[in-house]
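Participant: Starting off with a structure, shown below.
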Amino acid sequence: MTSPFDRICIVMLSAIGDSVHVLPVINAIKREYPMAWITWVIEPGPAALVRGHPSIDEIIEIDPHHGPSAFAAYRYGLRRQPPFDLLIDLQVALKGGLVTAVTPATVKLGFDRARARDLNWLFTTARIPPGPRAHVQDQYFEFLTALKIPSAPIVWQIGPRAEERSWQQSFFAGFDRPAAALVIGAGDPDREWLPERWAAIADALSSTYDLEPVLVGGQSPRELDTAHRIQMLARYPVRNALGMGLRRLVSILDGAALVISLDTGPLHIAVALDRPVVSLMAQADPKRTGPYRTYQDLVVDAFREPGDNDAVIWIRRRGRMPRITVQEVLARVARWQERYRSS
């Protein structure tokens with residue numbers, strides 16, 4: 001179908017989980033308008049995850065941590081390109097608004113005023129209709145609705161790619177039983193869990209469920225310290241696969257029989273890969289940032305209170321991760337074994 005927009009710019013700079021949520025939007029646009037040129041403006045970290053995606057024609061990296069010079073360099077880099085026909089600003093924070101402001105585009109589509117933060121709505125020329133608070137993925141799909149583009153089928157195409165399969169096979173070649181990937185770190189320390197509880201989970205996975213626990217994620221000082229403490233406390237060996245990079249993380253999660261994850265980006269990568277994931281949710285509403293439409297029965301919810309109604313809650317509730325017990329997590333692992341474990 002001929003696109004009314006030949007050149008489309010997606011503005012979503014961060015983070016990993018949000019970048020995963022953007023992929024079905026881009027795939028839907030490309031499916032509807034295969035000849036449209038799609039550029040994604042994104043930070044270097046998540047760019048490593050989506051670079052080479054078949055529906056993305058161009059990635060432009062920008063690092064807002066470098067301050068005004070980063071935005072000036074970005075604008076300078078666009079000087080020889082024609083304006084975009086459509087810019088979709090999915091980033092509700094100010095940094096997305098600044099990118100939107102300096103990007104030449106005929107139409108700049110963003111969130112409605114009520115849901116845009118940091119005066120982000122000032123930088124757009126058109127806005128999606130106001131809507132209720134919803135899961136982040138559903139809110140992104142509202143942009144497709146505004147553009148009259150079907151969101152279904154929902155497809156991520158996150159990998160592993162053909163050229164990544166050999167590494168995946170070599171990684172798992174040394175395993176003599178199925179792997180359970182443990183996502184032990186998050187950008188916000190308030191979302192992280194206690195090392196002694198992770199160690200207890202790893203021991204149960206090894207002794208009761210005949211799984212090989214593997215620690216996955218980045219190499220932040222907190223993650224490295226947590227991994228060291230887990231390995232010191234656990235009675236059975238625990239593999240450490242931290243710091244392998246986002247693309248290899250995709251391969252590890254794809255090859256795992258089970259993923260146990262904090263409320264962070266790899267949780268959504270696991271969903272995109274259709275891997276069973278036990279989600280440890282405490283700071284944010286699972287209805288907002290939990291696994292999208294799948295494995296809801298494996299969520300450990302320390303966020304919602306008995307008196308909360310069904311509406312999505314937008315506030316954060318801090319200091320709740322200690323409420324999640326080893327027994328609650330293992331109850332979800334038992335449920336995984338009953339309902340999802342392959343024979």
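Letters A, B, ... go to the chains of the structure tokens in the order shown; residues in each chain start at 1; ligands are counted from 1 in the same order.
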Counting only C-alpha atoms, what are the residues of segment 51-158 of chain A within 7 Å of segment 23-30 of chain A, and for each of them which pair of atoms is the nearest and at what distance in Å, to one decimal? Sort the table by chain and rising number, as a tab-separated table.
Facilitator:
residue	atom	partner	partner_atom	distance
A:Ser55	CA	A:Asn27	CA	5.9
A:Phe141	CA	A:Val25	CA	6.6
A:Leu144	CA	A:Val25	CA	7.0
A:Ile149	CA	A:Ile29	CA	6.9
A:Pro150	CA	A:Ala28	CA	6.8
A:Ser151	CA	A:Ala28	CA	5.7
A:Ile154	CA	A:Pro24	CA	5.7
A:Val155	CA	A:Pro24	CA	5.2
A:Trp156	CA	A:Pro24	CA	5.1
Participant: Can those selected residues be exported to a file as an mmCIF file, in the first residue's frame so that it contains N, CA and C atoms?
Facilitator:
data_model
loop_
_atom_site.group_PDB
_atom_site.id
_atom_site.type_symbol
_atom_site.label_atom_id
_atom_site.label_comp_id
_atom_site.auth_asym_id
_atom_site.auth_seq_id
_atom_site.Cartn_x
_atom_site.Cartn_y
_atom_site.Cartn_z
ATOM 1 N N SER A 55 12.738 -4.255 10.088
ATOM 2 C CA SER A 55 11.762 -3.194 9.804
ATOM 3 C C SER A 55 12.325 -1.797 10.018
ATOM 4 N N PHE A 141 0.213 1.362 21.067
ATOM 5 C CA PHE A 141 -0.698 0.962 19.998
ATOM 6 C C PHE A 141 -1.732 2.045 19.690
ATOM 7 N N LEU A 144 -0.909 3.752 16.560
ATOM 8 C CA LEU A 144 -1.343 3.041 15.355
ATOM 9 C C LEU A 144 -2.823 3.295 15.081
ATOM 10 N N ILE A 149 -3.796 2.238 11.417
ATOM 11 C CA ILE A 149 -2.961 1.087 11.077
ATOM 12 C C ILE A 149 -3.278 -0.032 12.059
ATOM 13 N N PRO A 150 -3.624 -1.233 11.599
ATOM 14 C CA PRO A 150 -3.916 -2.340 12.523
ATOM 15 C C PRO A 150 -2.669 -2.749 13.308
ATOM 16 N N SER A 151 -2.859 -3.021 14.570
ATOM 17 C CA SER A 151 -1.726 -3.469 15.395
ATOM 18 C C SER A 151 -1.510 -4.974 15.281
ATOM 19 N N ILE A 154 0.534 -8.984 16.474
ATOM 20 C CA ILE A 154 1.578 -8.341 17.264
ATOM 21 C C ILE A 154 2.864 -9.145 17.108
ATOM 22 N N VAL A 155 3.857 -8.512 16.505
ATOM 23 C CA VAL A 155 5.108 -9.194 16.172
ATOM 24 C C VAL A 155 6.281 -8.338 16.629
ATOM 25 N N TRP A 156 7.255 -8.974 17.283
ATOM 26 C CA TRP A 156 8.450 -8.253 17.739
ATOM 27 C C TRP A 156 9.639 -8.475 16.805
#
Participant: Write down as a PyMOL selection string the residues of segment 217-285 of chain A whose backbone DSSP state falls under alpha helix (DSSP H).
Facilitator: chain A and resi 221-233+246-255+265-272
Participant: Could you check which of A:Thr226, A:Thr264, A:Thr125, A:Gln283 is closest to Asp301 of chain A, using only C-alpha atoms?
Facilitator: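 Among the listed residues, A:Gln283 lies closest to Asp301 of chain A.
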Participant: Between segment 61-86 of chain A and segment 42-45 of chain A, at 8 Å or less, what are the per-residue closest atom pairs and their distances in Å? Count only C-alpha atoms, order by chain and rising residue number, and return it as CSV.
Facilitator:
residue,atom,partner,partner_atom,distance
A:Glu61,CA,A:Ile42,CA,5.1
A:Ile62,CA,A:Glu43,CA,5.1
A:Asp63,CA,A:Glu43,CA,5.3
A:Pro64,CA,A:Glu43,CA,7.8
Participant: Suppose we keep N, CA and C atoms; can you now write the selection as a PDB file, in the first residue's frame?
Facilitator:
ATOM      1  N   GLU A  61      21.790   7.504  16.647  1.00  0.00           N
ATOM      2  CA  GLU A  61      22.051   7.469  18.083  1.00  0.00           C
ATOM      3  C   GLU A  61      22.255   8.890  18.627  1.00  0.00           C
ATOM      4  N   ILE A  62      21.729   9.098  19.807  1.00  0.00           N
ATOM      5  CA  ILE A  62      21.950  10.344  20.529  1.00  0.00           C
ATOM      6  C   ILE A  62      22.055  10.015  22.010  1.00  0.00           C
ATOM      7  N   ASP A  63      23.008  10.616  22.675  1.00  0.00           N
ATOM      8  CA  ASP A  63      23.209  10.378  24.097  1.00  0.00           C
ATOM      9  C   ASP A  63      22.923  11.668  24.869  1.00  0.00           C
ATOM     10  N   PRO A  64      21.715  11.797  25.428  1.00  0.00           N
ATOM     11  CA  PRO A  64      21.363  13.030  26.151  1.00  0.00           C
ATOM     12  C   PRO A  64      22.255  13.312  27.351  1.00  0.00           C
TER      13      PRO A  64
END
Participant: Based on the backbone DSSP call, show me all residues of segment 84-131 of chain A assigned strand (DSSP E), as a ChimeraX atom specification.
Facilitator: /A:84-89,105-110,126-127
Participant: Output the selection as an mmCIF file, in the first residue's frame - C-alpha atoms for each residue.
Facilitator:
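Generated file (part03.cif):
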data_model
loop_
_atom_site.group_PDB
_atom_site.id
_atom_site.type_symbol
_atom_site.label_atom_id
_atom_site.label_comp_id
_atom_site.auth_asym_id
_atom_site.auth_seq_id
_atom_site.Cartn_x
_atom_site.Cartn_y
_atom_site.Cartn_z
ATOM 1 C CA PHE A 84 10.393 13.690 7.768
ATOM 2 C CA ASP A 85 6.775 13.409 6.740
ATOM 3 C CA LEU A 86 5.805 12.025 10.148
ATOM 4 C CA LEU A 87 7.510 11.991 13.528
ATOM 5 C CA ILE A 88 6.085 9.759 16.263
ATOM 6 C CA ASP A 89 7.201 10.870 19.727
ATOM 7 C CA ALA A 105 8.976 16.964 10.280
ATOM 8 C CA THR A 106 5.679 17.909 8.648
ATOM 9 C CA VAL A 107 3.629 16.185 11.376
ATOM 10 C CA LYS A 108 4.874 15.553 14.898
ATOM 11 C CA LEU A 109 2.525 13.144 16.670
ATOM 12 C CA GLY A 110 2.726 12.726 20.431
ATOM 13 C CA ALA A 126 -0.653 16.630 16.697
ATOM 14 C CA ARG A 127 -1.653 14.408 19.607
#
Participant: Determine, counting only C-alpha atoms, which protein, DNA and RNA residues have an atom within 12 Å of an atom of Lys95 of chain A; residues of the same chain fewer than 5 positions away are not included. Present the result as a ChimeraX atom specification.
Facilitator: /A:11-14,41-43,62-68,70-71,89-90,100-102,116-120,123
Participant: For Ala200 of chain A, which residue among A:Ala227, A:Ile10, A:Leu233, A:Ile252 is the nearest when counting only C-alpha atoms?
Facilitator: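 The answer is A:Leu233, which sits nearest to Ala200 of chain A.
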Participant: I'd like to know which of A:Ile38, A:Ile269, A:Asp18, A:Thr208 is closest to Asp6 of chain A, using only C-alpha atoms.
Facilitator: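 Smallest distance to Asp6 of chain A is found for A:Ile38.
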Participant: Give me the residues within 9 Å of Gly265 of chain A as a list in words, counting only C-alpha atoms and dropping any in the same chain fewer than 3 places off.
Facilitator: Ala15, Ile16, Gly17, Asp18, Ser19, Val20, Ala186, Leu262, His268, Ile269 and Ala270 of chain A
Participant: Distance atom CA of Asp112 of chain A-atom CA of Cys9 of chain A, one decimal place?
Facilitator: 18.6 Å
Participant: Would you kindly return, as a PyMOL selection string, each protein, DNA or RNA residue with an atom no farther than 8 Å from any atom of His21 of chain A, considering only C-alpha atoms and excluding same-chain residues fewer than 6 positions away?
Facilitator: chain A and resi 136-137+140+268
Participant: Write the residues you've just listed into a file as a short mmCIF file (atom, residue, chain, number, x, y, z; two decimals), in the first residue's frame, and include C-alpha atoms for each of them.
Facilitator:
data_model
loop_
_atom_site.label_atom_id
_atom_site.label_comp_id
_atom_site.auth_asym_id
_atom_site.auth_seq_id
_atom_site.Cartn_x
_atom_site.Cartn_y
_atom_site.Cartn_z
CA VAL A 136 2.73 0.78 28.06
CA GLN A 137 2.36 -1.51 25.04
CA TYR A 140 1.94 2.75 22.05
CA HIS A 268 9.92 -7.76 28.11
#
